[in-house]
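What's in work-v9.pdb: PDB, C-alpha atoms
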ATOM      1  CA  MET A  29       0.000   0.000   0.000
ATOM      2  CA  ALA A  30       1.372   3.376  -0.932
ATOM      3  CA  ASN A  31       2.331   5.721   1.819
ATOM      4  CA  MET A  32       0.137   8.777   2.165
ATOM      5  CA  LEU A  33       1.900  12.087   1.525
ATOM      6  CA  ALA A  34       1.138  15.363   3.162
ATOM      7  CA  PRO A  35       0.558  18.439   0.983
ATOM      8  CA  ASN A  36       4.208  19.465   1.517
ATOM      9  CA  GLY A  37       5.385  16.162   0.082
ATOM     10  CA  GLN A  38       6.440  14.680   3.390
ATOM     11  CA  GLN A  39       5.177  11.309   4.500
ATOM     12  CA  LYS A  40       2.350  11.436   6.981
ATOM     13  CA  GLN A  41       3.001   9.928  10.327
ATOM     14  CA  LYS A  42       0.448   7.265  11.104
ATOM     15  CA  GLN A  43      -1.572   8.335  14.113
ATOM     16  CA  PRO A  44      -1.676   5.719  16.872
ATOM     17  CA  ALA A  45      -5.086   4.283  17.611
ATOM     18  CA  PRO A  46      -6.735   5.880  20.647
ATOM     19  CA  PRO A  47      -6.435   3.738  23.767
ATOM     20  CA  ALA A  48      -9.459   1.679  24.551
ATOM     21  CA  GLN A  49     -11.539   3.254  27.256
ATOM     22  CA  ASN A  50     -11.969   1.349  30.448
ATOM     23  CA  GLN A  51     -15.196  -0.540  30.408
ATOM     24  CA  GLN A  52     -17.489   0.324  33.253
ATOM     25  CA  ALA A  53     -18.672  -2.404  35.535
ATOM     26  CA  ALA A  54     -22.085  -3.748  34.705
ATOM     27  CA  PRO A  55     -24.833  -2.221  36.862
ATOM     28  CA  PRO A  56     -26.550  -4.425  39.425
ATOM     29  CA  ALA A  57     -29.255  -6.649  37.965
ATOM     30  CA  LYS A  58     -32.714  -5.172  38.220
ATOM     31  CA  MET A  59     -35.465  -6.686  40.265
ATOM     32  CA  THR A  60     -38.038  -8.477  38.156
ATOM     33  CA  GLU A  61     -41.543  -9.702  38.727
ATOM     34  CA  SER A  62     -40.330 -13.294  38.613
ATOM     35  CA  THR A  63     -37.760 -12.563  41.336
ATOM     36  CA  ILE A  64     -40.397 -11.199  43.710
ATOM     37  CA  ASP A  65     -42.667 -14.113  42.888
ATOM     38  CA  ASN A  66     -39.833 -16.515  43.729
ATOM     39  CA  VAL A  67     -39.468 -14.945  47.163
ATOM     40  CA  LEU A  68     -43.190 -15.229  47.883
ATOM     41  CA  ASN A  69     -43.366 -18.778  46.500
ATOM     42  CA  LYS A  70     -40.483 -19.887  48.693
ATOM     43  CA  VAL A  71     -42.095 -18.342  51.753
ATOM     44  CA  ALA A  72     -45.400 -20.066  50.949
ATOM     45  CA  LYS A  73     -43.608 -23.384  50.472
ATOM     46  CA  TYR A  74     -41.886 -23.213  53.851
ATOM     47  CA  VAL A  75     -45.137 -22.199  55.536
ATOM     48  CA  ASP A  76     -47.031 -25.076  53.914
ATOM     49  CA  GLU A  77     -44.326 -27.541  54.967
ATOM     50  CA  GLY A  78     -44.431 -26.251  58.533
ATOM     51  CA  GLU A  79     -40.832 -25.084  58.469
ATOM     52  CA  LEU A  80     -41.681 -21.408  58.813
ATOM     53  CA  HIS A  81     -44.338 -20.025  61.144
ATOM     54  CA  LEU A  82     -45.494 -16.506  60.401
ATOM     55  CA  PRO A  83     -47.472 -14.449  62.923
ATOM     56  CA  ALA A  84     -51.249 -14.633  62.851
ATOM     57  CA  ASN A  85     -52.861 -12.065  60.559
ATOM     58  CA  TYR A  86     -49.509 -11.394  58.891
ATOM     59  CA  SER A  87     -49.602 -11.256  55.089
ATOM     60  CA  ALA A  88     -46.179 -11.888  53.596
ATOM     61  CA  GLN A  89     -47.425 -10.840  50.167
ATOM     62  CA  ASN A  90     -48.732  -7.506  51.413
ATOM     63  CA  ALA A  91     -45.521  -6.879  53.362
ATOM     64  CA  VAL A  92     -43.279  -7.651  50.378
ATOM     65  CA  ARG A  93     -45.338  -5.758  47.813
ATOM     66  CA  SER A  94     -45.718  -2.646  49.952
ATOM     67  CA  ALA A  95     -42.026  -2.732  50.926
ATOM     68  CA  TYR A  96     -40.987  -3.005  47.297
ATOM     69  CA  LEU A  97     -43.223  -0.079  46.421
ATOM     70  CA  ALA A  98     -41.504   1.987  49.125
ATOM     71  CA  LEU A  99     -38.059   0.838  47.993
ATOM     72  CA  GLN A 100     -38.660   2.496  44.648
ATOM     73  CA  GLU A 101     -38.652   5.831  46.470
ATOM     74  CA  LEU A 102     -35.540   5.273  48.590
ATOM     75  CA  THR A 103     -32.141   6.640  47.671
ATOM     76  CA  ASP A 104     -28.650   6.234  49.061
ATOM     77  CA  ARG A 105     -26.423   9.060  50.269
ATOM     78  CA  ASN A 106     -25.463   9.801  46.658
ATOM     79  CA  ASN A 107     -29.149  10.274  45.830
ATOM     80  CA  LYS A 108     -29.101   7.135  43.683
ATOM     81  CA  PRO A 109     -32.128   4.804  43.861
ATOM     82  CA  VAL A 110     -31.280   1.861  46.079
ATOM     83  CA  LEU A 111     -32.770  -0.594  43.578
ATOM     84  CA  GLN A 112     -30.082   0.544  41.140
ATOM     85  CA  ALA A 113     -27.253   0.916  43.643
ATOM     86  CA  CYS A 114     -27.758  -2.383  45.494
ATOM     87  CA  THR A 115     -27.395  -5.917  44.208
ATOM     88  CA  ARG A 116     -30.502  -7.925  43.482
ATOM     89  CA  GLU A 117     -29.403 -10.666  45.888
ATOM     90  CA  SER A 118     -29.091  -8.227  48.795
ATOM     91  CA  VAL A 119     -32.535  -6.751  48.069
ATOM     92  CA  VAL A 120     -34.062 -10.241  48.051
ATOM     93  CA  ASN A 121     -32.357 -11.146  51.319
ATOM     94  CA  ALA A 122     -33.495  -7.879  52.920
ATOM     95  CA  LEU A 123     -37.091  -8.595  51.947
ATOM     96  CA  TYR A 124     -36.795 -12.134  53.235
ATOM     97  CA  GLU A 125     -35.316 -10.896  56.520
ATOM     98  CA  MET A 126     -38.383  -8.705  56.970
ATOM     99  CA  VAL A 127     -40.780 -11.584  56.270
ATOM    100  CA  THR A 128     -39.087 -14.165  58.492
ATOM    101  CA  GLN A 129     -39.209 -11.736  61.390
ATOM    102  CA  GLY A 130     -42.885 -11.083  60.684
ATOM    103  CA  LEU A 131     -42.325  -7.337  60.356
ATOM    104  CA  SER A 132     -43.796  -4.571  58.221
ATOM    105  CA  TYR A 133     -41.749  -1.773  56.686
ATOM    106  CA  THR A 134     -44.817   0.416  56.245
ATOM    107  CA  LYS A 135     -45.510   0.188  59.997
ATOM    108  CA  GLY A 136     -42.013   1.410  60.828
ATOM    109  CA  GLN A 137     -40.951  -1.952  62.279
ATOM    110  CA  CYS A 138     -37.808  -2.151  60.144
ATOM    111  CA  TYR A 139     -35.580  -0.007  57.947
ATOM    112  CA  PHE A 140     -33.972  -0.703  54.582
ATOM    113  CA  ILE A 141     -30.476   0.787  54.613
ATOM    114  CA  PRO A 142     -27.835   0.479  51.864
ATOM    115  CA  TYR A 143     -24.263  -0.256  52.899
ATOM    116  CA  GLY A 144     -22.330   0.241  49.699
ATOM    117  CA  ASP A 145     -24.032  -2.038  47.156
ATOM    118  CA  LYS A 146     -25.688  -4.206  49.816
ATOM    119  CA  LEU A 147     -29.182  -3.560  51.142
ATOM    120  CA  SER A 148     -29.804  -4.430  54.777
ATOM    121  CA  CYS A 149     -33.050  -4.822  56.704
ATOM    122  CA  ASP A 150     -32.488  -3.416  60.195
ATOM    123  CA  ILE A 151     -35.077  -3.887  62.917
ATOM    124  CA  SER A 152     -36.377  -0.694  64.534
ATOM    125  CA  TYR A 153     -37.368  -0.311  68.172
ATOM    126  CA  LEU A 154     -41.006  -0.772  67.112
ATOM    127  CA  GLY A 155     -39.995  -4.028  65.475
ATOM    128  CA  ASN A 156     -38.252  -5.166  68.634
ATOM    129  CA  ILE A 157     -41.391  -4.420  70.624
ATOM    130  CA  ALA A 158     -43.523  -6.372  68.145
ATOM    131  CA  ILE A 159     -41.165  -9.367  68.278
ATOM    132  CA  ALA A 160     -40.968  -9.233  72.073
ATOM    133  CA  LYS A 161     -44.753  -9.215  72.447
ATOM    134  CA  ARG A 162     -45.078 -12.070  69.994
ATOM    135  CA  ASP A 163     -42.165 -14.299  70.985
ATOM    136  CA  ALA A 164     -40.995 -13.339  74.478
ATOM    137  CA  ASP A 165     -44.318 -13.115  76.353
ATOM    138  CA  VAL A 166     -43.938  -9.360  76.772
ATOM    139  CA  LYS A 167     -47.129  -7.530  77.735
ATOM    140  CA  ASP A 168     -46.063  -3.894  77.536
ATOM    141  CA  VAL A 169     -43.014  -1.662  77.301
ATOM    142  CA  HIS A 170     -42.617   1.680  79.094
ATOM    143  CA  ALA A 171     -39.757   4.152  78.631
ATOM    144  CA  MET A 172     -39.027   7.515  80.212
ATOM    145  CA  CYS A 173     -36.223  10.077  80.337
ATOM    146  CA  VAL A 174     -34.578  11.422  83.483
ATOM    147  CA  TYR A 175     -33.572  15.094  83.729
ATOM    148  CA  GLU A 176     -31.642  17.182  86.183
ATOM    149  CA  ASP A 177     -33.652  18.045  89.307
ATOM    150  CA  ASP A 178     -35.888  14.973  88.836
ATOM    151  CA  GLU A 179     -36.419  12.900  91.950
ATOM    152  CA  PHE A 180     -35.320   9.507  90.710
ATOM    153  CA  THR A 181     -34.400   6.563  92.942
ATOM    154  CA  TYR A 182     -33.776   2.928  92.140
ATOM    155  CA  GLU A 183     -32.304  -0.149  93.756
ATOM    156  CA  ILE A 184     -30.404  -3.183  92.539
ATOM    157  CA  ASP A 185     -31.650  -6.596  93.640
ATOM    158  CA  ARG A 186     -29.695  -9.646  92.458
ATOM    159  CA  GLY A 187     -28.334  -7.725  89.512
ATOM    160  CA  GLN A 188     -31.720  -6.379  88.473
ATOM    161  CA  TYR A 189     -32.728  -2.725  88.506
ATOM    162  CA  LYS A 190     -35.936  -1.628  90.165
ATOM    163  CA  VAL A 191     -37.207   1.944  89.899
ATOM    164  CA  LEU A 192     -38.617   3.085  93.235
ATOM    165  CA  THR A 193     -39.463   6.725  92.589
ATOM    166  CA  HIS A 194     -39.535   9.086  89.652
ATOM    167  CA  LYS A 195     -41.066  12.513  90.183
ATOM    168  CA  GLN A 196     -40.670  15.113  87.480
ATOM    169  CA  LEU A 197     -41.753  18.725  87.068
ATOM    170  CA  ILE A 198     -42.583  20.014  83.591
ATOM    171  CA  GLY A 199     -39.903  22.663  83.989
ATOM    172  CA  ASN A 200     -37.274  19.929  84.316
ATOM    173  CA  VAL A 201     -37.826  18.723  80.746
ATOM    174  CA  VAL A 202     -34.955  20.520  79.037
ATOM    175  CA  PRO A 203     -33.006  18.668  76.313
ATOM    176  CA  GLU A 204     -29.683  20.076  77.511
ATOM    177  CA  LYS A 205     -30.344  18.674  80.992
ATOM    178  CA  LEU A 206     -31.103  15.121  79.885
ATOM    179  CA  LEU A 207     -29.303  12.725  82.238
ATOM    180  CA  GLY A 208     -30.439   9.343  80.963
ATOM    181  CA  ALA A 209     -33.383   7.072  80.296
ATOM    182  CA  TYR A 210     -34.916   3.864  81.587
ATOM    183  CA  CYS A 211     -37.259   1.196  80.278
ATOM    184  CA  ILE A 212     -39.606  -1.111  82.179
ATOM    185  CA  VAL A 213     -40.730  -4.285  80.416
ATOM    186  CA  ASP A 214     -43.858  -5.962  81.791
ATOM    187  CA  PHE A 215     -44.416  -9.655  81.084
ATOM    188  CA  ASN A 216     -47.722 -11.516  80.866
ATOM    189  CA  ALA A 217     -46.562 -13.793  83.673
ATOM    190  CA  GLY A 218     -46.656 -10.831  86.074
ATOM    191  CA  HIS A 219     -42.983  -9.999  86.538
ATOM    192  CA  SER A 220     -41.099  -7.054  85.055
ATOM    193  CA  LYS A 221     -37.596  -6.100  83.984
ATOM    194  CA  THR A 222     -35.915  -2.676  84.088
ATOM    195  CA  GLU A 223     -33.007  -1.262  82.109
ATOM    196  CA  ILE A 224     -31.311   2.046  82.988
ATOM    197  CA  MET A 225     -28.783   3.918  80.851
ATOM    198  CA  THR A 226     -26.886   7.123  81.470
ATOM    199  CA  MET A 227     -26.467   9.638  78.654
ATOM    200  CA  GLN A 228     -22.827   8.645  78.429
ATOM    201  CA  GLN A 229     -23.870   5.061  77.716
ATOM    202  CA  ILE A 230     -26.552   6.204  75.285
ATOM    203  CA  ARG A 231     -24.152   8.423  73.355
ATOM    204  CA  THR A 232     -21.647   5.587  73.217
ATOM    205  CA  ALA A 233     -24.356   3.427  71.640
ATOM    206  CA  TRP A 234     -25.204   6.200  69.182
ATOM    207  CA  ALA A 235     -21.549   6.459  68.201
ATOM    208  CA  GLN A 236     -21.692   2.889  66.883
ATOM    209  CA  GLY A 237     -24.385   3.828  64.369
ATOM    210  CA  ALA A 238     -24.109   5.156  60.845
ATOM    211  CA  THR A 239     -24.640   8.814  61.776
ATOM    212  CA  LYS A 240     -22.618   8.667  65.013
ATOM    213  CA  GLY A 241     -25.523  10.288  66.831
ATOM    214  CA  ASN A 242     -25.318  13.394  64.641
ATOM    215  CA  SER A 243     -28.479  12.907  62.603
ATOM    216  CA  PRO A 244     -31.183  15.610  62.705
ATOM    217  CA  ALA A 245     -33.342  13.292  64.808
ATOM    218  CA  HIS A 246     -30.591  12.840  67.411
ATOM    219  CA  GLN A 247     -29.905  16.550  67.519
ATOM    220  CA  LYS A 248     -33.500  17.770  67.650
ATOM    221  CA  PHE A 249     -35.144  14.972  69.622
ATOM    222  CA  PRO A 250     -32.499  13.470  71.943
ATOM    223  CA  ASP A 251     -35.172  12.396  74.428
ATOM    224  CA  GLN A 252     -37.030  10.291  71.858
ATOM    225  CA  MET A 253     -33.828   8.756  70.527
ATOM    226  CA  ALA A 254     -32.604   8.025  74.066
ATOM    227  CA  MET A 255     -35.816   6.145  74.860
ATOM    228  CA  LYS A 256     -35.530   4.144  71.640
ATOM    229  CA  THR A 257     -31.986   3.160  72.573
ATOM    230  CA  VAL A 258     -32.853   1.993  76.075
ATOM    231  CA  ILE A 259     -35.864   0.066  74.718
ATOM    232  CA  ASN A 260     -33.640  -1.763  72.247
ATOM    233  CA  ARG A 261     -31.228  -2.703  75.026
ATOM    234  CA  ALA A 262     -33.985  -3.825  77.373
ATOM    235  CA  LEU A 263     -35.479  -6.121  74.731
ATOM    236  CA  LYS A 264     -32.211  -7.397  73.278
ATOM    237  CA  ILE A 265     -31.821 -10.511  75.433
ATOM    238  CA  ASP A 266     -35.504 -11.402  75.544
ATOM    239  CA  THR A 267     -36.051 -11.281  71.790
ATOM    240  CA  ALA A 268     -32.744 -12.929  70.854
ATOM    241  CA  SER A 269     -33.003 -15.883  73.232
ATOM    242  CA  THR A 270     -36.447 -17.242  72.342
ATOM    243  CA  ASP A 271     -36.588 -20.638  70.678
ATOM    244  CA  ASP A 272     -38.915 -19.483  67.870
ATOM    245  CA  ARG A 273     -36.584 -16.676  66.899
ATOM    246  CA  ALA A 274     -33.616 -19.024  66.794
ATOM    247  CA  LEU A 275     -35.632 -21.326  64.524
ATOM    248  CA  LEU A 276     -36.428 -18.464  62.156
ATOM    249  CA  VAL A 277     -32.774 -17.486  61.917
ATOM    250  CA  HIS A 278     -31.846 -21.097  61.162
ATOM    251  CA  ARG A 279     -34.482 -21.325  58.429
ATOM    252  CA  GLN A 280     -33.355 -18.016  57.036
ATOM    253  CA  ASP A 281     -29.872 -19.313  56.263
ATOM    254  CA  ALA A 282     -31.211 -22.272  54.290
ATOM    255  CA  PHE A 283     -33.833 -20.223  52.524
ATOM    256  CA  ALA A 284     -31.426 -17.459  51.545
ATOM    257  CA  ALA A 285     -29.205 -19.990  49.795
ATOM    258  CA  ASN A 286     -32.171 -21.331  47.821
ATOM    259  CA  VAL A 287     -33.332 -17.866  46.838
ATOM    260  CA  GLN A 288     -29.891 -16.877  45.596
ATOM    261  CA  ALA A 289     -29.734 -20.068  43.529
ATOM    262  CA  ASP A 290     -33.080 -19.214  41.949
ATOM    263  CA  ILE A 291     -31.909 -15.687  41.202
ATOM    264  CA  LYS A 292     -28.930 -17.000  39.261
ATOM    265  CA  GLN A 293     -31.051 -19.488  37.320
ATOM    266  CA  ASN A 294     -33.817 -17.061  36.314
ATOM    267  CA  ALA A 295     -32.878 -14.360  33.845
ATOM    268  CA  ASN A 296     -34.562 -10.977  33.753
ATOM    269  CA  LYS A 297     -37.816 -11.137  31.841
ATOM    270  CA  SER A 298     -39.741  -8.014  32.687
ATOM    271  CA  SER A 299     -39.390  -5.186  35.122
ATOM    272  CA  ILE A 300     -41.868  -5.032  37.951
ATOM    273  CA  GLY A 301     -44.376  -2.292  37.413
ATOM    274  CA  PHE A 302     -46.205  -1.178  40.516
ATOM    275  CA  ARG A 303     -48.661   1.674  40.545
ATOM    276  CA  GLN A 304     -47.116   4.452  42.592
ATOM    277  CA  ASN A 305     -49.063   4.965  45.803
ATOM    278  CA  THR A 306     -47.990   8.127  47.535
ATOM    279  CA  GLU A 307     -49.859   7.180  50.686
ATOM    280  CA  GLU A 308     -47.884   3.969  51.133
ATOM    281  CA  ALA A 309     -44.554   4.926  49.569
ATOM    282  CA  THR A 310     -42.354   6.768  51.997
ATOM    283  CA  ASP A 311     -40.531   9.850  50.770
ATOM    284  CA  TYR A 312     -37.390   9.073  52.703
ATOM    285  CA  THR A 313     -33.690   9.340  51.961
ATOM    286  CA  VAL A 314     -31.520   6.772  53.667
ATOM    287  CA  VAL A 315     -27.934   7.330  54.668
ATOM    288  CA  ASP A 316     -25.237   5.110  53.252
ATOM    289  CA  PRO A 317     -22.479   4.773  55.866
ATOM    290  CA  GLN A 318     -18.888   4.052  55.056
ATOM    291  CA  PRO A 319     -18.507   0.290  54.475
ATOM    292  CA  ALA A 320     -15.318   0.260  56.518
ATOM    293  CA  GLN A 321     -17.220   1.544  59.492
ATOM    294  CA  HIS A 322     -20.016  -0.940  59.050
ATOM    295  CA  PRO A 323     -18.629  -3.930  57.148
ATOM    296  CA  ASP A 324     -21.413  -6.330  57.995
ATOM    297  CA  PRO A 325     -24.688  -5.421  56.253
ATOM    298  CA  LYS A 326     -26.533  -7.446  58.852
ATOM    299  CA  THR A 327     -25.318  -5.254  61.642
ATOM    300  CA  PRO A 328     -28.043  -2.842  62.850
ATOM    301  CA  ALA A 329     -27.633   0.793  61.927
ATOM    302  CA  ASP A 330     -27.946   1.902  65.508
ATOM    303  CA  PRO A 331     -26.578  -1.041  67.505
ATOM    304  CA  ASP A 332     -26.326  -1.035  71.230
ATOM    305  CA  PRO A 333     -23.098  -2.868  72.048
ATOM    306  CA  ALA A 334     -22.006  -0.410  74.721
ATOM    307  CA  PRO A 335     -20.822  -2.367  77.750
ATOM    308  CA  GLN A 336     -22.638  -1.932  81.025
ATOM    309  CA  GLN A 337     -20.871   0.969  82.670
ATOM    310  CA  ASP A 338     -20.560   1.681  86.341
ATOM    311  CA  LEU A 339     -23.741   3.519  87.229
ATOM    312  CA  ASN A 340     -22.309   4.376  90.616
ATOM    313  CA  ASN A 341     -20.039   7.043  89.107
ATOM    314  CA  ASN A 342     -21.214  10.528  89.976
ATOM    315  CA  ILE A 343     -24.360   9.126  91.635
ATOM    316  CA  SER A 344     -25.280  10.215  95.138
ATOM    317  CA  ARG A 345     -26.484   7.406  97.366
ATOM    318  CA  GLN A 346     -28.957   7.187 100.152
ATOM    319  CA  GLN A 347     -27.426   5.162 102.941
ATOM    320  CA  ASN A 348     -30.281   2.935 104.101
ATOM    321  CA  PRO A 349     -30.881  -0.784 104.617
ATOM    322  CA  ALA A 350     -32.669  -1.071 101.271
ATOM    323  CA  ALA A 351     -29.479  -0.027  99.469
ATOM    324  CA  THR A 352     -31.522   2.536  97.564
ATOM    325  CA  GLN A 353     -29.607   4.762  95.139
ATOM    326  CA  THR A 354     -30.633   8.283  94.181
ATOM    327  CA  LEU A 355     -29.823   9.459  90.688
ATOM    328  CA  GLY A 356     -28.255  12.893  90.851
ATOM    329  CA  PRO A 357     -26.839  15.311  88.292
ATOM    330  CA  GLY A 358     -24.025  12.918  87.440
ATOM    331  CA  PHE A 359     -26.411  10.360  85.822
TER     332      PHE A 359
END
Could you write out this file's structure as structure tokens?
Amino acid sequence: MANMLAPNGQQKQKQPAPPAQNQQAAPPAKMTESTIDNVLNKVAKYVDEGELHLPANYSAQNAVRSAYLALQELTDRNNKPVLQACTRESVVNALYEMVTQGLSYTKGQCYFIPYGDKLSCDISYLGNIAIAKRDADVKDVHAMCVYEDDEFTYEIDRGQYKVLTHKQLIGNVVPEKLLGAYCIVDFNAGHSKTEIMTMQQIRTAWAQGATKGNSPAHQKFPDQMAMKTVINRALKIDTASTDDRALLVHRQDAFAANVQADIKQNANKSSIGFRQNTEEATDYTVVDPQPAQHPDPKTPADPDPAPQQDLNNNISRQQNPAATQTLGPGF
């Protein structure tokens, strides 16, 4: 082939081919109608075979469909829809986690939170209450905050707290003077259990969460968030140690493996089309924490692993035979 000459008679230099651009990673597979149907069919199969027991009056289909409708409105911290940012497998497992626990997203009993490209279903304090009433024979749950100048006394009997007195004036309720919170759990059998946390313990628990206790809710409503935290701690042992709950977790592992196998075998056929329902869909933006800070997508967004601290620090005591302790400004 003859060499090409430039207008000045000189040979043209052959231009090198432009480097191939890096190919972008394929986006996560979209959810399809067949994928959702597989989840519901698997749940129905386990229920029919007696391997999964859902709560009475709980509709898995309603819970999954309404949750999926709400998921279409959720975004991660980059304002990207979670159904595009998260893998299909993690979305399926999050939906299954909700169903096996017998919870409803639309009732505020759980949250869907993306950690990187993984979607996690985290149980809220309302979900913990629902599970406790269903599985741990809990009758009712009461929580209250303690402020400076409150008259608050409690005793410890065989390692168990017992609130003796709590008198509070309306003028004491000042967010900046919040000292702590307590929760009393009443059981159907007649006994009760009490958990008490200082603000130092509560803030330590908040620091383990995605927002480190700096979310607008923590800043504007510390009393409500403090009560949620102490409720979660009070119900932690009771809900996690029941036999039925352990059975559900065991079934979940086996079921999750089957669902993931079905996902790989079934190719996308058609995108799910749900009619947008603004009354059910929540206009809510979730926060995507740093994966390094929360590597396990199963870990709750606002865990409560803070060790039991010495409540005797900065607490004035009443010296009496009942070993009653009075909670002072150091609580």
Fill in: Shell around A:Leu68 at 12 Å using all atoms listed in the file, local window under 2 positions removed, as a list in words
Glu61, Ser62, Thr63, Ile64, Asp65, Asn66, Lys70, Val71, Ala72, Lys73, Tyr74, Val75, Ser87, Ala88, Gln89, Asn90, Ala91, Val92, Arg93, Val120, Leu123, Tyr124, Val127, Thr128, Phe283 and Val287 of chain A
Discussion item. Evaluated on this file, the PyMOL selection byres ((chain A and resi 250) around 10) picks out some residues - which ones are they, written as a ChimeraX atom specification?
Written reply: /A:173,203-204,206,227,230-231,241,244-249,251-256
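Distance-wise, atom CA of A:Ser132 and atom CA of A:Pro109 end up 20.7 Å apart.
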Worksheet item: A:Met172, A:Met126, A:Cys138, A:Ala209: which is nearest A:Ile157, counting only C-alpha atoms?
Response: A:Cys138
Worksheet item: So what do you get for atom CA of A:Ser220 versus atom CA of A:Asp165, distance-wise?
Response: 11.1 Å
Discussion item. For this structure, which residues satisfy the selection - the PyMOL selection byres ((chain A and resi 216) around 10) - when it is evaluated on the file as given? I want them as a list in words.
Written reply: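 Checking the PyMOL selection byres ((chain A and resi 216) around 10) against this file, the residues are Lys161, Ala164, Asp165, Val166, Lys167, Asp168, Asp214, Phe215, Ala217, Gly218, His219 and Ser220 of chain A.
Of the residues under consideration (A:Leu263, A:Val191, A:Val213, A:Leu131), A:Leu131 shows the shortest atom-to-atom contact distance to A:Ala84 when counting all atoms listed in the file.
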Fill in: Atom-to-atom span, atom CA of A:Lys221 and atom CA of A:Tyr189, Å
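Rounded to one decimal, the two atoms are 7.5 Å apart.
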Worksheet item: Which residue, A:Asn85, A:Glu179, A:Glu77, A:Ala238, has the smallest gap to A:Tyr143 when you use all atoms listed in the file?
Response: A:Ala238
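For the residues A:Ala113, A:Leu207, A:Leu97, A:Ile212, ranking by smallest atom-to-atom distance to A:Lys190 using all atoms listed in the file places A:Ile212 first.
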Give me the residues near A:Asn156 as a PDB file with C-alpha atoms, in the frame of the given file, where near means some atom within 9 Å (using all atoms listed in the file) and where sequence neighbours in that chain fewer than 2 positions away do not count.
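Saved to result_12.pdb:
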ATOM      1  CA  GLN A 137     -40.951  -1.952  62.279  1.00  0.00           C
ATOM      2  CA  ILE A 151     -35.077  -3.887  62.917  1.00  0.00           C
ATOM      3  CA  SER A 152     -36.377  -0.694  64.534  1.00  0.00           C
ATOM      4  CA  TYR A 153     -37.368  -0.311  68.172  1.00  0.00           C
ATOM      5  CA  LEU A 154     -41.006  -0.772  67.112  1.00  0.00           C
ATOM      6  CA  ALA A 158     -43.523  -6.372  68.145  1.00  0.00           C
ATOM      7  CA  ILE A 159     -41.165  -9.367  68.278  1.00  0.00           C
ATOM      8  CA  ALA A 160     -40.968  -9.233  72.073  1.00  0.00           C
ATOM      9  CA  LYS A 161     -44.753  -9.215  72.447  1.00  0.00           C
ATOM     10  CA  ILE A 259     -35.864   0.066  74.718  1.00  0.00           C
ATOM     11  CA  ASN A 260     -33.640  -1.763  72.247  1.00  0.00           C
ATOM     12  CA  LEU A 263     -35.479  -6.121  74.731  1.00  0.00           C
ATOM     13  CA  LYS A 264     -32.211  -7.397  73.278  1.00  0.00           C
ATOM     14  CA  THR A 267     -36.051 -11.281  71.790  1.00  0.00           C
TER      15      THR A 267
END
Given the PyMOL selection byres ((chain A and resi 226) around 6) and the file above, list the residues it selects as a PDB file with C-alpha atoms, in the frame of the given file.
ATOM      1  CA  GLY A 208     -30.439   9.343  80.963  1.00  0.00           C
ATOM      2  CA  MET A 225     -28.783   3.918  80.851  1.00  0.00           C
ATOM      3  CA  MET A 227     -26.467   9.638  78.654  1.00  0.00           C
ATOM      4  CA  GLN A 228     -22.827   8.645  78.429  1.00  0.00           C
ATOM      5  CA  GLN A 229     -23.870   5.061  77.716  1.00  0.00           C
ATOM      6  CA  PHE A 359     -26.411  10.360  85.822  1.00  0.00           C
TER       7      PHE A 359
END
Hey, can I get the axis-aligned box for stretch 61-64 of chain A? All listed atoms, 4 Å padding on each side, centre and edge lengths in Å to one decimal, as lines of an AutoDock Vina configuration file.
center_x = -39.7
center_y = -11.5
center_z = 41.2
size_x = 11.8
size_y = 11.6
size_z = 13.1
Discussion item. So that I can check the surroundings of A:Gly199, please list as a PyMOL selection string every protein, DNA and RNA residue that reaches within 10 Å of it, counting only C-alpha atoms and ignoring chain neighbours fewer than 5 positions away.
Written reply: chain A and resi 175+177-178
